[in-house]
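K.L.:
Can you keep this structure in mind? I'll have questions shortly.
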There are 2 protein chains.
Amino acid sequence: MAQLRVPVTRRERQREATYDEIVAVAAALLDEGADLSLRAVAARMGMTAPALYRYVANYQQLVDLVAFELDREATAEWAEAAERFAEDDPAARLVVACVRFRQWAVSKPRRFALVFANPIAEEDTERRELLTVSTSGHYFTDLLWEVWDRYRFPFPTLDELDPVIREACLDPLIPAKAERIAHEDRGLMWIYMRSWSALYGVVTLESTGHCDPRVIESGQLFRATLLDWIGPLGLEAERQRLTGILDEELARR
Amino acid sequence: MAQLRVPVTRRERQREATYDEIVAVAAALLDEGADLSLRAVAARMGMTAPALYRYVANYQQLVDLVAFELDREATAEWAEAAERFAEDDPAARLVVACVRFRQWAVSKPRRFALVFANPIAEEDTERRELLTVSTSGHYFTDLLWEVWDRYRFPFPTLDELDPVIREACLDPLIPAKAERIAHEDRGLMWIYMRSWSALYGVVTLESTGHCDPRVIESGQLFRATLLDWIGPLGLEAERQRLTGILDEELARR
DNA sequence: CGAGGAAAGTTTACACCGTTTACCGTTAAT
DNA sequence: ATTAACGGTAAACGGTGTAAACTTTCCTCG
C-alpha cells in the first residue's frame, strides 16, 4: 500500500515547487515582453542556466512545459467564468468560454502564441502526444458534447464520412475527451473539428494581429463567426438569448 | 526626362541583385529546415554578418523582406495555376487559388509561418503598413470582387454595418485592392474579411500542425470549409462544377 | 550511526546569435 | 583629380542553448 501512495518526500515536494516556479517565472517574463529564454528563467530563479537541465531536457521542453501549464491555467479561467451559468445550460457556457478564450488570446498574445501558434512538425510524435492532452481541447469537446446531449443537433453518421475522417473520429489524435462519446456518435468529432477550426481561425487572426486593429477592437468578426454556429449546433430557438450573452460578455472587456 | 527614368546604374543593378540573392539564400535555408539567421544568410553569401547591415537595418527587416518576397513569389504561383480558367470564370479561379494557397502552406510550413503566422504588435505601424501591401491579400480581394461582379451575391450595405466595421471597409488597413470597389459597394470588404478569416483559419491550423495529421492529409477539413462559402458567394448554381474543380485540384497534390 | 550514492548545483567552455564600432579599399560624381 | 559615398572587413560585446566535469547537499540503507 505504502508504495502505491504518491511518495511526497521532502525532495519531491521541492522539485514540484521548482517546476511551479519555472512556469511562474516564464509567464512573468512573457508578460513583460521579454522573450522566453532558458537563461533568463534560470537567472531570475537565482540559478545558472545548466541547472535548469535537471528539470527539462532542452529549451523546447521548457517551452512545452510552460505552454501546457498556461493552457491549463487559462482553461480554468474560462471554465470558471462559464460557471456563472448552470450545468444544464451548456450553450450559454459554451458562448462564455469562447468569448473568454478570445479575450485571453487578444489580451495575452504572447501566451497565445506559445500555446496555440507553436508549429508542430508532422514527425514530432512526442510533442504531438503532448498536444493530445491539452486541457483546453478537452474542455471544449466536453462542452460541445453537452450541448449535443441537450439539443441533439444533427451530425454526420460514421459511414457518411470520408474513411480517413471516420478513423480520425474513432481514434482521435487531437485533444479531445472522446471516451464520453458513444462509439456510434463519434461523428460528433467531425463537428468538433470543424467548429474548432472556425474558432481557432478568427482567434489566431486577431491574436497575431493579421487583421485591422479596429476590427479586432470591435469584436465584430469574432461575433459573426460565433453566430454562424448557432444554427448548426441546434441553438436556433436560443438565438436571441445567446446573442445577448455573447454581447454582454464581449462588452465586459 | 532623364532624371525621371529609373536610374539603373551599374551599382544599383548590383545592389538589386544582392537583394535577390538575400531572399534566395534565405528561402534555401528555410527549406533546409535551418532557421533563418542573419549570420547564416551572410555566411552563405560569402560575406560577414555586419555587411548585411548595408542592406537591412536589422534582423526583423531581413525577415520582413524575405516574407514579402516569398509572398509575392507564392501568389504568382497560385495566380498562374488559376489562369487555367478563363478570366471570365473568376469562381473557378478562386477555387484553384485557394487550393494552391493551402497546398503551399501545408507543403512549405516554414515559409507560411514566416509570411502569415508572424505576430504583428498593435503599435508596430511600420510592419503594419508592410502588411497592407501584401501581394496575396490584394490578389484575393481582387478575385473576390470579380466573383461579385459576375454573380452579384448579397453583401451588407454600409449602414447595416457596425460603425467601426464601416470605417474599416471604407479605409482598409489590411491588404486589399479596394480602389476598384465603388464607394457604395464597400460592404463587400466585410465579406472579404469574413471569408479570409475562414480561409486563414483552416490553412493555419493545417500548416502549423495543430490538427490530426490524417485529417490534413485527407484535405477534408479544408474542402468542407471552402464548400461552406459556395452559397454566400452566390455560386449555388455552380456548386457541382466548382466542387469538381476543388476535388481535382486537391487530388493534384 | 556512518558510508555511499543520487540529486541539485556550479564552473568552464563552445558554438552560435544580433549588433556596434572603427577601419579600408573601390567606385562614382563633381 | 579630388572627394565622398558605397560595400565590405575585423574585432568586440552581450546574449543565446548546450555539454562536460566537478562539488555540495541530502536521503537511504547496512
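Identifiers in this document derive from the order of the C-alpha cells: chains are assigned A, B, ..., residues are numbered from 1 separately in each chain, and ligands are numbered from 1 in order of occurrence.
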Go through chain C residue by residue and, counting only C-alpha atoms (C1' of nucleotides), keep those with an atom at most 12 Å from chain A; for each kept residue give the shortest atom pair and its distance in Å to one decimal, ordered by chain and increasing number, as JSON lines.

P.N.:
{"residue": "C:DA6", "atom": "C1'", "partner": "A:Arg11", "partner_atom": "CA", "distance": 11.7}
{"residue": "C:DA7", "atom": "C1'", "partner": "A:Arg11", "partner_atom": "CA", "distance": 8.9}
{"residue": "C:DA8", "atom": "C1'", "partner": "A:Arg54", "partner_atom": "CA", "distance": 7.3}
{"residue": "C:DG9", "atom": "C1'", "partner": "A:Ala51", "partner_atom": "CA", "distance": 6.2}
{"residue": "C:DT10", "atom": "C1'", "partner": "A:Thr48", "partner_atom": "CA", "distance": 7.5}
{"residue": "C:DT11", "atom": "C1'", "partner": "A:Thr48", "partner_atom": "CA", "distance": 9.8}
{"residue": "C:DT12", "atom": "C1'", "partner": "A:Pro50", "partner_atom": "CA", "distance": 11.4}

K.L.:
Can you pull out every residue within 12 Å of DG5 (chain C), counting only C-alpha atoms (C1' of nucleotides), but drop anything in the same chain fewer than 4 positions away, and send it as a CSV table (one decimal) with C-alpha atoms (C1' of nucleotides), in the first residue's frame?

P.N.:
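The resulting file, selection-v3.csv, is reproduced below:
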chain,number,residue,atom,x,y,z
D,25,DT,C1',23.8,18.5,-0.2
D,26,DC,C1',20.6,15.4,1.2
D,27,DC,C1',18.5,10.8,1.6
D,28,DT,C1',18.8,6.0,2.2
D,29,DC,C1',20.5,1.7,3.8

K.L.:
Residues of chain B no more than 7 Å from chain A, counting only C-alpha atoms: send them over as a JSON list (two decimals) with N, CA and C atoms, in the first residue's frame.

P.N.:
[["chain", "number", "residue", "atom", "x", "y", "z"],
["B", 119, "PRO", "N", 3.72, 37.27, -35.75],
["B", 119, "PRO", "CA", 2.94, 38.22, -34.95],
["B", 119, "PRO", "C", 3.30, 39.68, -35.25],
["B", 120, "ILE", "N", 2.29, 40.50, -35.29],
["B", 120, "ILE", "CA", 2.49, 41.94, -35.52],
["B", 120, "ILE", "C", 1.87, 42.69, -34.36],
["B", 121, "ALA", "N", 2.71, 43.34, -33.59],
["B", 121, "ALA", "CA", 2.21, 44.09, -32.45],
["B", 121, "ALA", "C", 1.36, 45.26, -32.92],
["B", 122, "GLU", "N", 0.39, 45.60, -32.11],
["B", 122, "GLU", "CA", -0.55, 46.66, -32.47],
["B", 122, "GLU", "C", 0.17, 47.98, -32.76],
["B", 164, "VAL", "N", -17.69, 50.92, -36.66],
["B", 164, "VAL", "CA", -16.25, 50.66, -36.73],
["B", 164, "VAL", "C", -15.91, 49.84, -37.97],
["B", 165, "ILE", "N", -16.72, 48.82, -38.22],
["B", 165, "ILE", "CA", -16.51, 47.97, -39.39],
["B", 165, "ILE", "C", -16.69, 48.80, -40.66],
["B", 168, "ALA", "N", -13.65, 50.60, -41.34],
["B", 168, "ALA", "CA", -12.59, 49.68, -41.77],
["B", 168, "ALA", "C", -12.82, 49.23, -43.22],
["B", 173, "LEU", "N", -7.10, 49.03, -43.61],
["B", 173, "LEU", "CA", -5.70, 48.98, -43.19],
["B", 173, "LEU", "C", -5.11, 47.62, -43.52],
["B", 174, "ILE", "N", -5.94, 46.76, -44.09],
["B", 174, "ILE", "CA", -5.50, 45.41, -44.37],
["B", 174, "ILE", "C", -5.17, 45.29, -45.86],
["B", 194, "ARG", "N", -14.50, 38.30, -43.69],
["B", 194, "ARG", "CA", -15.06, 37.08, -43.14],
["B", 194, "ARG", "C", -14.54, 35.85, -43.87],
["B", 197, "SER", "N", -10.88, 35.30, -43.11],
["B", 197, "SER", "CA", -10.73, 34.74, -41.77],
["B", 197, "SER", "C", -10.96, 33.23, -41.79],
["B", 198, "ALA", "N", -11.96, 32.80, -42.52],
["B", 198, "ALA", "CA", -12.26, 31.36, -42.58],
["B", 198, "ALA", "C", -11.14, 30.61, -43.28],
["B", 200, "TYR", "N", -7.99, 31.60, -43.78],
["B", 200, "TYR", "CA", -6.79, 31.72, -42.95],
["B", 200, "TYR", "C", -6.84, 30.72, -41.80],
["B", 201, "GLY", "N", -8.01, 30.56, -41.23],
["B", 201, "GLY", "CA", -8.18, 29.66, -40.10],
["B", 201, "GLY", "C", -7.80, 28.23, -40.39],
["B", 202, "VAL", "N", -8.46, 27.60, -41.34],
["B", 202, "VAL", "CA", -8.13, 26.20, -41.65],
["B", 202, "VAL", "C", -6.71, 26.06, -42.09],
["B", 205, "LEU", "N", -4.32, 26.30, -39.22],
["B", 205, "LEU", "CA", -4.47, 25.11, -38.40],
["B", 205, "LEU", "C", -3.71, 23.94, -39.03],
["B", 208, "THR", "N", 0.35, 24.71, -39.35],
["B", 208, "THR", "CA", 1.12, 24.68, -38.11],
["B", 208, "THR", "C", 1.06, 23.31, -37.45],
["B", 209, "GLY", "N", 0.20, 22.43, -37.96],
["B", 209, "GLY", "CA", 0.15, 21.07, -37.45],
["B", 209, "GLY", "C", -0.70, 20.89, -36.21],
["B", 210, "HIS", "N", -1.52, 21.90, -35.87],
["B", 210, "HIS", "CA", -2.38, 21.79, -34.70],
["B", 210, "HIS", "C", -3.66, 21.06, -35.06],
["B", 211, "CYS", "N", -3.50, 19.87, -35.54],
["B", 211, "CYS", "CA", -4.60, 19.18, -36.19],
["B", 211, "CYS", "C", -4.15, 17.74, -36.44],
["B", 212, "ASP", "N", -5.07, 16.84, -36.47],
["B", 212, "ASP", "CA", -4.74, 15.45, -36.76],
["B", 212, "ASP", "C", -4.07, 15.33, -38.14],
["B", 213, "PRO", "N", -2.86, 14.76, -38.21],
["B", 213, "PRO", "CA", -2.15, 14.67, -39.49],
["B", 213, "PRO", "C", -2.97, 13.95, -40.57],
["B", 214, "ARG", "N", -3.75, 12.96, -40.15],
["B", 214, "ARG", "CA", -4.56, 12.25, -41.14],
["B", 214, "ARG", "C", -5.62, 13.17, -41.74],
["B", 215, "VAL", "N", -6.15, 14.04, -40.91],
["B", 215, "VAL", "CA", -7.16, 14.99, -41.41],
["B", 215, "VAL", "C", -6.52, 15.95, -42.41],
["B", 218, "SER", "N", -5.93, 14.19, -45.70],
["B", 218, "SER", "CA", -7.17, 13.97, -46.48],
["B", 218, "SER", "C", -7.68, 15.25, -47.13],
["B", 221, "LEU", "N", -11.09, 18.76, -44.19],
["B", 221, "LEU", "CA", -11.45, 19.92, -43.37],
["B", 221, "LEU", "C", -11.42, 21.18, -44.22]]

K.L.:
Can you check which parts of chain D lie within 10 Å of chain B? Per residue, the shortest pair of atoms and distance in Å to one decimal, counting only C-alpha atoms (C1' of nucleotides), sorted by chain and number, as a Markdown table.

P.N.:
| residue | atom | partner | partner_atom | distance |
| --- | --- | --- | --- | --- |
| D:DC6 | C1' | B:Arg11 | CA | 8.9 |
| D:DG7 | C1' | B:Arg54 | CA | 7.3 |
| D:DG8 | C1' | B:Ala51 | CA | 6.2 |
| D:DT9 | C1' | B:Thr48 | CA | 7.6 |
| D:DA10 | C1' | B:Thr48 | CA | 9.6 |

K.L.:
Mind writing the picked residues with N, CA and C atoms (P, O5', C5', C4', C3', O3' and C1' of nucleotides) as a compact mmCIF listing (two decimals), in the first residue's frame?

P.N.:
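Result file follows (selection36.txt):
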# COMPACT_ATOMS: atom_id res chain seq x y z
P DC D 6 25.55 56.30 -50.50
O5' DC D 6 26.35 54.98 -50.89
C5' DC D 6 26.80 54.82 -52.23
C4' DC D 6 27.67 53.59 -52.30
C3' DC D 6 27.10 52.38 -51.55
O3' DC D 6 26.96 51.32 -52.48
C1' DC D 6 29.40 52.71 -51.04
P DG D 7 26.21 49.99 -52.09
O5' DG D 7 27.41 49.06 -51.59
C5' DG D 7 28.35 48.60 -52.55
C4' DG D 7 29.39 47.76 -51.85
C3' DG D 7 28.80 46.64 -50.97
O3' DG D 7 29.50 45.45 -51.24
C1' DG D 7 30.28 47.96 -49.71
P DG D 8 28.97 44.05 -50.64
O5' DG D 8 29.97 43.83 -49.40
C5' DG D 8 31.19 43.22 -49.66
C4' DG D 8 32.26 43.77 -48.77
C3' DG D 8 32.43 43.12 -47.41
O3' DG D 8 33.07 41.86 -47.54
C1' DG D 8 32.94 45.45 -47.39
P DT D 9 33.10 40.87 -46.31
O5' DT D 9 34.30 41.45 -45.43
C5' DT D 9 35.62 41.53 -45.98
C4' DT D 9 36.54 42.15 -44.95
C3' DT D 9 36.60 41.35 -43.65
O3' DT D 9 37.87 40.75 -43.52
C1' DT D 9 36.19 43.69 -43.22
P DA D 10 38.10 39.60 -42.41
O5' DA D 10 38.46 40.45 -41.11
C5' DA D 10 39.42 41.49 -41.18
C4' DA D 10 39.64 42.08 -39.79
C3' DA D 10 39.59 41.05 -38.66
O3' DA D 10 40.58 41.38 -37.69
C1' DA D 10 37.90 42.66 -38.32

K.L.:
Mind giving me the straight-line distance from CA of Gln103 (chain A) to CA of Glu249 (chain A) in Å, one decimal?

P.N.:
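Pair CA of Gln103 (chain A) / CA of Glu249 (chain A) returns 9.7 Å.
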
K.L.:
Step one, run DSSP on the backbone; step two, keep only residues of region 8-220 of chain A assigned to helix (DSSP H, G or I); then write them as a PyMOL selection string.

P.N.:
chain A and resi 10-31+38-44+49-54+59-82+90-107+109-116+125-132+135-151+158-160+163-170+178-180+183-185+188-208+213-218+220

K.L.:
Mind giving me the straight-line distance from CA of Glu69 (chain A) to CA of Val23 (chain A) in Å, one decimal?

P.N.:
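Interatomic distance here is 7.2 Å.
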